[in-house]
Structure formats: C-alpha cells, structure tokens
$ cat query_2.cif   # mmCIF, C-alpha atoms
data_query
#
loop_
_atom_site.label_atom_id
_atom_site.label_comp_id
_atom_site.auth_asym_id
_atom_site.auth_seq_id
_atom_site.Cartn_x
_atom_site.Cartn_y
_atom_site.Cartn_z
CA MET A 1 -15.54 -4.53 -9.83
CA SER A 2 -16.34 -1.27 -8.16
CA GLY A 3 -15.99 2.12 -9.79
CA CYS A 4 -13.99 5.10 -8.57
CA SER A 5 -15.89 6.89 -5.86
CA GLY A 6 -15.87 10.58 -5.16
CA THR A 7 -14.19 13.28 -7.19
CA SER A 8 -10.79 14.92 -7.00
CA LYS A 9 -11.36 18.55 -7.86
CA PRO A 10 -8.33 20.52 -8.99
CA SER A 11 -7.06 22.83 -6.27
CA ALA A 12 -5.43 26.21 -6.56
CA GLN A 13 -2.11 24.60 -5.68
CA PRO A 14 -1.13 21.72 -7.99
CA LEU A 15 -0.48 18.37 -6.36
CA SER A 16 3.09 17.34 -5.67
CA ILE A 17 4.16 14.08 -7.24
CA ALA A 18 4.03 12.46 -3.77
CA SER A 19 0.39 13.54 -3.35
CA PHE A 20 -0.44 12.43 -6.88
CA LYS A 21 1.10 9.05 -6.13
CA GLU A 22 -1.13 8.68 -3.06
CA LYS A 23 -4.21 9.52 -5.12
CA ALA A 24 -3.13 7.06 -7.80
CA ALA A 25 -2.87 4.28 -5.21
CA ALA A 26 -6.29 5.19 -3.83
CA ALA A 27 -7.75 5.18 -7.34
CA ILE A 28 -6.52 1.63 -7.92
CA ILE A 29 -8.09 0.46 -4.65
CA THR A 30 -11.46 2.08 -5.33
CA GLY A 31 -11.46 1.36 -9.06
CA SER A 32 -10.49 -2.31 -9.00
CA ASP A 33 -10.16 -5.40 -6.81
CA LEU A 34 -6.45 -4.73 -6.41
CA GLN A 35 -4.51 -3.37 -3.47
CA ALA A 36 -2.04 -0.52 -3.88
CA GLU A 37 0.19 1.73 -1.83
CA PRO A 38 2.76 4.44 -2.56
CA GLY A 39 6.12 2.85 -3.18
CA PHE A 40 9.70 3.98 -3.59
CA SER A 41 10.41 7.13 -5.58
CA SER A 42 7.56 7.75 -8.03
CA LYS A 43 6.22 4.18 -7.92
CA VAL A 44 2.91 2.72 -6.82
CA ASP A 45 3.15 -0.87 -5.58
CA VAL A 46 0.22 -3.06 -6.65
CA THR A 47 -0.86 -6.51 -5.42
CA ALA A 48 -3.89 -8.74 -5.92
CA PRO A 49 -5.67 -10.58 -3.08
CA GLU A 50 -5.71 -13.97 -4.86
CA SER A 51 -2.32 -13.76 -6.54
CA LEU A 52 1.38 -13.59 -5.73
CA ASN A 53 1.96 -11.31 -8.71
CA THR A 54 3.07 -7.73 -8.09
CA LEU A 55 3.53 -4.53 -10.06
CA SER A 56 5.53 -1.39 -9.38
CA LEU A 57 4.07 1.31 -11.60
CA GLY A 58 5.59 4.70 -12.21
CA VAL A 59 3.29 7.73 -12.17
CA GLU A 60 5.64 10.03 -14.10
CA GLU A 61 3.69 10.02 -17.36
CA ALA A 62 0.31 10.45 -15.70
CA TYR A 63 1.68 13.18 -13.45
CA ALA A 64 3.16 15.06 -16.41
CA SER A 65 -0.28 14.97 -18.09
CA TYR A 66 -1.84 16.25 -14.89
CA LYS A 67 0.63 19.14 -14.67
CA ARG A 68 -0.28 20.15 -18.23
CA ASP A 69 -4.02 20.04 -17.47
CA PRO A 70 -4.96 19.74 -13.76
CA ALA A 71 -8.67 19.65 -14.67
CA LYS A 72 -8.14 16.13 -16.03
CA LEU A 73 -7.09 14.75 -12.64
CA ASP A 74 -10.07 12.39 -12.26
CA GLU A 75 -9.76 11.16 -15.83
CA LEU A 76 -6.04 10.47 -15.43
CA LEU A 77 -6.49 8.65 -12.14
CA LYS A 78 -9.23 6.44 -13.57
CA LYS A 79 -7.05 5.57 -16.56
CA PHE A 80 -4.09 4.80 -14.31
CA ALA A 81 -6.26 2.43 -12.23
CA ALA A 82 -7.72 0.76 -15.34
CA ASP A 83 -4.27 0.27 -16.86
CA ALA A 84 -3.00 -1.30 -13.61
CA ASP A 85 -5.98 -3.65 -13.48
CA ALA A 86 -5.53 -4.69 -17.12
CA ARG A 87 -1.80 -5.27 -16.73
CA MET A 88 -2.27 -7.42 -13.63
CA ALA A 89 -4.95 -9.44 -15.42
CA ARG A 90 -2.67 -10.05 -18.43
CA GLY A 91 0.13 -11.56 -16.36
CA ASN A 92 2.65 -12.94 -18.85
CA ALA A 93 0.12 -13.25 -21.68
CA ASP A 94 1.71 -10.57 -23.85
CA THR A 95 5.29 -11.82 -23.48
CA SER A 96 7.22 -14.12 -25.77
CA PHE A 97 9.58 -16.76 -24.44
CA ARG A 98 12.48 -14.98 -26.12
CA ASP A 99 11.64 -11.82 -24.16
CA VAL A 100 11.56 -13.48 -20.74
CA ARG A 101 13.81 -16.55 -20.85
CA ASP A 102 16.70 -14.71 -19.14
CA VAL A 103 14.54 -13.36 -16.29
CA ILE A 104 12.69 -16.52 -15.21
CA LEU A 105 13.68 -17.47 -11.66
CA PRO A 106 12.59 -20.25 -9.27
CA VAL A 107 10.48 -19.54 -6.19
CA LEU A 108 10.39 -22.01 -3.28
CA LYS A 109 7.24 -21.95 -1.15
CA PRO A 110 5.16 -24.28 0.99
CA GLN A 111 2.38 -26.07 -0.84
CA THR A 112 -0.17 -24.16 1.24
CA ALA A 113 1.00 -20.81 -0.20
CA PHE A 114 -0.70 -21.62 -3.52
CA ARG A 115 -4.11 -22.72 -2.23
CA ARG A 116 -5.70 -19.27 -2.31
CA LEU A 117 -4.51 -18.35 -5.79
CA SER A 118 -7.12 -17.84 -8.50
CA ASP A 119 -4.66 -18.86 -11.25
CA GLN A 120 -2.51 -21.81 -10.26
CA PRO A 121 1.13 -21.53 -11.36
CA ALA A 122 3.22 -24.23 -12.97
CA VAL A 123 5.06 -26.04 -10.15
CA THR A 124 7.51 -28.82 -9.43
CA PRO A 125 7.00 -30.86 -6.23
CA PHE A 126 9.81 -30.65 -3.68
CA PRO A 127 10.49 -32.61 -0.47
CA GLY A 128 8.95 -31.39 2.77
CA SER A 129 5.57 -30.45 1.23
CA LEU A 130 7.23 -27.63 -0.72
CA ARG A 131 6.69 -26.52 -4.29
CA VAL A 132 8.95 -24.78 -6.79
CA ALA A 133 7.15 -22.19 -8.88
CA TYR A 134 8.67 -19.93 -11.53
CA ALA A 135 8.48 -16.17 -11.88
CA VAL A 136 9.16 -13.71 -14.64
CA GLN A 137 11.09 -11.10 -12.66
CA LYS A 138 11.34 -7.68 -14.28
CA PRO A 139 12.31 -4.37 -12.65
CA ASP A 140 8.66 -3.33 -12.41
CA SER A 141 6.85 -6.66 -12.08
CA PHE A 142 6.83 -10.18 -10.65
CA MET A 143 4.58 -12.61 -12.53
CA LEU A 144 4.28 -16.33 -11.82
CA VAL A 145 4.50 -18.63 -14.82
CA THR A 146 1.25 -20.52 -15.49
CA PRO A 147 0.55 -23.70 -17.47
CA ALA A 148 -1.01 -21.46 -20.13
CA ASP A 149 2.28 -19.56 -20.41
CA LEU A 150 4.18 -22.82 -20.88
CA GLU A 151 1.78 -23.96 -23.57
CA ARG A 152 2.10 -20.67 -25.42
CA TRP A 153 5.90 -20.75 -25.11
CA GLN A 154 6.01 -24.45 -26.06
CA GLN A 155 8.04 -25.28 -22.96
CA SER A 156 7.63 -28.03 -20.36
CA VAL A 157 7.82 -27.59 -16.60
CA ALA A 158 11.11 -29.51 -16.67
CA ASP A 159 12.47 -27.10 -19.31
CA ILE A 160 11.57 -24.06 -17.23
CA HIS A 161 12.91 -25.68 -14.06
CA ARG A 162 16.34 -26.21 -15.62
CA LEU A 163 16.35 -22.72 -17.11
CA ALA A 164 15.29 -21.01 -13.87
CA LEU A 165 17.91 -22.82 -11.79
CA ALA A 166 20.63 -21.95 -14.30
CA THR A 167 19.60 -18.28 -14.22
CA LEU A 168 19.57 -18.16 -10.42
CA LEU A 169 22.97 -19.84 -10.28
CA ARG A 170 24.40 -17.32 -12.72
CA GLU A 171 22.90 -14.35 -10.88
CA THR A 172 24.04 -15.67 -7.49
CA ARG A 173 27.62 -16.19 -8.58
CA ARG A 174 27.67 -12.67 -10.02
CA GLU A 175 25.79 -10.76 -7.29
CA GLN A 176 25.48 -12.85 -4.09
CA PRO A 177 28.54 -14.90 -3.15
CA LEU A 178 28.28 -17.58 -0.48
CA ARG A 179 28.83 -16.26 3.03
CA CYS A 180 30.39 -18.43 5.74
CA GLU A 181 31.12 -17.63 9.38
CA GLU A 182 32.90 -20.40 11.20
CA LYS A 183 30.76 -23.46 10.37
CA LEU A 184 27.60 -21.58 9.35
CA CYS A 185 27.14 -20.96 5.63
CA GLY A 186 24.34 -19.66 3.44
CA TRP A 187 22.54 -16.68 2.01
CA ALA A 188 20.41 -13.94 3.57
CA SER A 189 20.56 -11.28 0.86
CA GLY A 190 16.91 -10.27 1.08
CA ASP A 191 16.51 -10.29 -2.70
CA GLY A 192 13.54 -12.67 -2.50
CA TYR A 193 15.41 -15.73 -3.77
CA ASP A 194 17.48 -16.87 -0.78
CA ALA A 195 15.29 -19.90 -0.04
CA ALA A 196 15.21 -20.78 -3.73
CA ARG A 197 19.02 -21.01 -3.76
CA PHE A 198 18.60 -24.16 -1.68
CA ILE A 199 17.32 -26.09 -4.70
CA VAL A 200 20.35 -25.28 -6.88
CA PRO A 201 22.72 -28.30 -6.71
CA GLU A 202 25.83 -26.29 -7.55
CA LEU A 203 25.21 -23.94 -4.62
CA ARG A 204 24.79 -26.86 -2.21
CA ALA A 205 28.04 -28.30 -3.58
CA ALA A 206 29.79 -25.01 -2.80
CA ILE A 207 28.63 -25.32 0.80
CA VAL A 208 29.82 -28.93 1.06
CA ARG A 209 33.25 -27.88 -0.18
CA LYS A 210 33.40 -25.39 2.68
CA ILE A 211 32.01 -27.40 5.60
CA GLY A 212 31.56 -30.99 4.45
CA PRO A 213 28.24 -32.90 4.43
CA ALA A 214 25.63 -30.42 5.57
CA VAL A 215 22.19 -30.00 7.07
CA TYR A 216 20.15 -27.30 5.33
CA ALA A 217 17.32 -25.05 6.48
CA VAL A 218 15.06 -22.54 4.73
CA PRO A 219 12.74 -21.28 7.49
CA ARG A 220 11.79 -18.12 5.61
CA GLU A 221 12.02 -16.68 2.15
CA SER A 222 14.99 -14.52 3.09
CA VAL A 223 17.11 -17.16 4.87
CA TYR A 224 19.01 -20.20 3.63
CA VAL A 225 21.52 -21.64 6.09
CA ALA A 226 23.66 -24.76 6.39
CA LEU A 227 25.78 -26.39 9.10
CA PRO A 228 27.72 -29.63 9.29
CA ILE A 229 25.27 -32.47 9.87
CA ARG A 230 26.72 -33.19 13.32
CA LEU A 231 25.57 -29.72 14.44
CA ALA A 232 21.94 -30.12 13.33
CA GLU A 233 20.61 -29.89 16.90
CA ARG A 234 22.23 -26.48 17.24
CA ILE A 235 19.90 -24.79 14.74
CA LYS A 236 16.62 -26.63 15.29
CA GLY A 237 15.26 -24.07 17.76
CA LYS A 238 16.31 -21.08 15.67
CA VAL A 239 14.77 -22.58 12.52
CA GLU A 240 11.49 -23.24 14.29
CA HIS A 241 11.40 -19.68 15.68
CA ASP A 242 12.16 -18.13 12.29
CA PHE A 243 9.50 -20.26 10.61
CA VAL A 244 6.80 -19.37 13.13
CA THR A 245 7.53 -15.63 13.17
CA ALA A 246 8.37 -15.04 9.49
CA PRO A 247 6.04 -13.01 7.25
CA ASN A 248 6.97 -15.39 4.40
CA PRO A 249 7.67 -18.78 6.03
CA VAL A 250 8.96 -21.65 3.93
CA SER A 251 9.74 -24.72 6.06
CA ARG A 252 10.42 -25.72 9.66
CA ALA A 253 12.18 -28.90 8.45
CA LEU A 254 15.87 -29.63 8.26
CA PHE A 255 17.12 -31.23 5.04
CA VAL A 256 20.07 -33.45 4.13
CA GLU A 257 21.26 -35.16 0.96
CA ARG A 258 21.00 -38.94 0.77
CA GLY A 259 22.20 -40.68 -2.38
CA GLY A 260 22.20 -37.43 -4.29
CA GLU A 261 18.60 -36.61 -3.29
CA LEU A 262 17.36 -34.07 -0.76
CA VAL A 263 15.28 -35.53 2.05
CA VAL A 264 13.80 -34.25 5.29
CA LEU A 265 16.04 -35.09 8.25
CA ALA A 266 14.20 -37.39 10.65
CA GLN A 267 13.56 -35.57 13.92
#
$ encode --input "query_2.cif" --output "structure tokens"
Amino acid sequence: MSGCSGTSKPSAQPLSIASFKEKAAAAIITGSDLQAEPGFSSKVDVTAPESLNTLSLGVEEAYASYKRDPAKLDELLKKFAADADARMARGNADTSFRDVRDVILPVLKPQTAFRRLSDQPAVTPFPGSLRVAYAVQKPDSFMLVTPADLERWQQSVADIHRLALATLLRETRREQPLRCEEKLCGWASGDGYDAARFIVPELRAAIVRKIGPAVYAVPRESVYVALPIRLAERIKGKVEHDFVTAPNPVSRALFVERGGELVVLAQ
C-alpha cells in the first residue's frame, strides 16, 4: 500500500466543503489501493478494484475538525483515508446477524462477474450461467455476504437466500409496484435490484396474472421485462442490444418457466 504523497498546506482562505471532499477522495487514492471520487452532497464514494463492495463516506466530521484547526489538514486527510481503507477491509465482519437481517438483498449477476474478486461471496447457482449473491445494503455501504459471514452468523446459503428474497419482495411491494404497458411488464426502477426481482417467484406470479405465461429477460442490472411467450421474438433483438451495451450486463438469454422451474428458452 502506498502512502499519501505531497502535502496540503493550509491556505489563507479555508477550503470549502466541496474542495475538502475532493482532497479527501484524492487522499484515499494515494493512501490506499482503493478508488474514490466526490459523491452526492458531502459524500465521497469509495470502491475497490477487486471487490463489488462500495462505501459512501461523509466528510462532515473531518471537515468540522479542519475548520477548527486548518493546520491539521494533512493529518485529517490521512486519517480519513486510513479509516476508509479499514472499513472496506472489514466488510461485514463487525456486524451481527440481528443488525443486518432486514437489509440483506439478493444480487443477480453473471458467473463471470465474480472471477476477479479477491474475496468470493456466498452464491446460489442460477440458470443461464448466472449466480445469486447477497448484499448487506445500508444507506452508506454495499457489502457482499461471504462464507465467513455466514459461518459467524450461523446461517446457511439457503437461509440467506430465502431471507433476501423475502426482503426484496417486501420492499418491492412497498416501493416499486409492477409496471405494465400493453403486454410488456416489468421493472426498471434503477435501484440496483431490478434484475434480482426476476428470481422472486411471487413477482413472476404477479406478471403471469397480468399477461399469462411469460418470457422473461434481464439484459442489464437495471432492467427486468416480460412478455407473453408468443411474443418472445419481438424482444430478442432489444435484449441482445441492451446486454452488449450495458455497463452492468446480466444475461442475453430469454427465460421461461417449465414445471415450476426457470429455464433458458431454446433459441
């Protein structure tokens, strides 16, 4: 890990919080192996190159300390970077199951999305070379659940799978109702869990009640659509385009239910 380079000498004019936020992001980049950039409001968004975990860290406390003593700018920035690095490294290690059970959600991704990760998450195989992982989603962080987390919480993958699907179903019914336009139904809320809604049986059942037996597609993380099976050809081109151009692609396949099980529709 590299150390912070250069110095940030206090100027005659104190830094604005926006400028302090930029320096805090730079301090994380130079003082750790993490990536960071100024985020919304007073937040710094932090990612790791070999992880899907993210942090959104507020600079308010550090900035208030800086305003009280601008000469401590370098010290405060180094501490902010070190704290970010330590928190990312901890993941879910300092959380109890009781604390997080209501904020564990499923994440649907292609198997290839996990190859580069330094810490492999707990996953459930899914048709079409997909995998379901599980994330502890808090307002300021997104942390994948690992086998070590499950062992510490004394939970199985099957336990967490059922819990995560139930939580997503509850949140969807409360915040993101099913949208249908003519024969096209689905979700495109952009909340990061649209593709994951595909794996929730009750949400597929809601679609079937609207349009009958359906063909499903999740070309990208932010899109989950369904049409009557007889119209499958109508969306094949659009699904392929979305999959190829998406920043977070999921699958180019079309899916149907056969005997109560999801399978890839033969092309």
$ closest_residue --input "query_2.cif" --among "A:Pro219, A:Pro147, A:Gly260, A:Pro70" --to "Phe243 in chain A" --atoms "only C-alpha atoms"
A:Pro219
$ residues_around --input "query_2.cif" --residues "Gln120 in chain A" --least-positions-apart "4" --cutoff "12 Å" --atoms "only C-alpha atoms" --output "list in words"
Glu50, Ser51, Leu52, Asn53, Gln111, Thr112, Ala113, Phe114, Arg115, Arg116, Arg131, Ala133, Tyr134, Met143, Leu144, Val145, Thr146, Pro147, Ala148 and Asp149 of chain A
$ atom_distance --input "query_2.cif" --atom1 "CA of Arg204 in chain A" --atom2 "CA of Ala226 in chain A"
8.9 Å
$ resolve_selection --input "query_2.cif" --expression "the PyMOL selection byres ((chain A and resi 110) around 12)" --output "ChimeraX atom specification"
/A:107-109,111-115,123-133,195-196,218-221,243,248-253
$ closest_residue --input "query_2.cif" --among "A:Val208, A:Ser222, A:Thr54, A:Arg98" --to "Lys138 in chain A" --atoms "only C-alpha atoms"
A:Thr54
$ closest_residue --input "query_2.cif" --among "A:Lys210, A:Lys21, A:His161, A:Arg174" --to "Leu73 in chain A" --atoms "all atoms listed in the file"
A:Lys21
